[in-house]
Amino acid sequence: MDLTTITSIVLALGAIASALAFGGVETLAFAPVEFAVVLLAVVQFWRKGWPSVSRLALWVLGIIVAIPLLQLLPLSAHVLSTISPTRVALARDLFSSIAPLGGGMALSVNSHETQLAILKLLCYVLVFLL
């Protein structure tokens, strides 16, 4: 069996296992599959080299990955109010009784979920490149 066939079989088994474990909606169900995808991508790229992908596809993949990463950048309240006034108003309403708005806030309301989504998105990109 060649490496591509093994990769396809492991990815298929990982997809089946993640769907069966907790219905495929829990983060814990995806973690082993994400690890397997990263491991397979590293082995595949190490042995066969980087896949040949057009510049347009690389640009699209780069933009898709950059959007959630930009949501996690800490921005000042002034810059954030220009981009999303509702986000600043929400932060003021929620945190005004606890503490004043400090240095930087992320555009994302739930940074933890955005980080988890980035990990899944990177796995999707790696599967595309495999």
# chains A, B, ... in the order shown; residues from 1 in each chain; ligands from 1
$ residues_around --residues "A:Val42" --least-positions-apart "3" --cutoff "12 Å" --atoms "only C-alpha atoms" --output "ChimeraX atom specification"
/A:7,35-39,45-51,123,126-127,129-130
$ residues_around --residues "A:Leu107" --least-positions-apart "4" --cutoff "10 Å" --atoms "only C-alpha atoms" --output "count of residues only"
14
$ select_by_dssp --residues "chain A" --states "helix (DSSP H, G or I)" --output "JSON, numbers by chain"
{"A": [3, 4, 5, 6, 7, 8, 9, 10, 11, 12, 13, 14, 15, 16, 17, 18, 19, 20, 22, 23, 24, 27, 28, 29, 30, 31, 32, 33, 34, 35, 36, 37, 38, 39, 40, 41, 42, 43, 44, 45, 46, 47, 48, 55, 56, 57, 58, 59, 60, 61, 62, 63, 64, 65, 66, 67, 68, 69, 70, 71, 77, 78, 79, 80, 81, 82, 83, 85, 86, 87, 88, 89, 90, 91, 92, 93, 94, 95, 111, 112, 113, 114, 115, 116, 117, 118, 119, 120, 121, 122, 123, 124, 125, 126, 127, 128, 129]}
$ atom_distance --atom1 "atom CA of A:Leu56" --atom2 "atom CA of A:Val125"
14.3 Å
$ atom_distance --atom1 "atom CA of A:Ile63" --atom2 "atom CA of A:Thr82"
21.6 Å
$ atom_distance --atom1 "atom CA of A:Ala66" --atom2 "atom CA of A:Ser108"
13.5 Å
$ closest_residue --among "A:His78, A:Leu11, A:Tyr124, A:Thr86" --to "A:Ile64" --atoms "only C-alpha atoms"
A:Tyr124
$ closest_residue --among "A:Leu94, A:Ala117, A:Met105, A:Ala57" --to "A:Phe30" --atoms "only C-alpha atoms"
A:Ala117
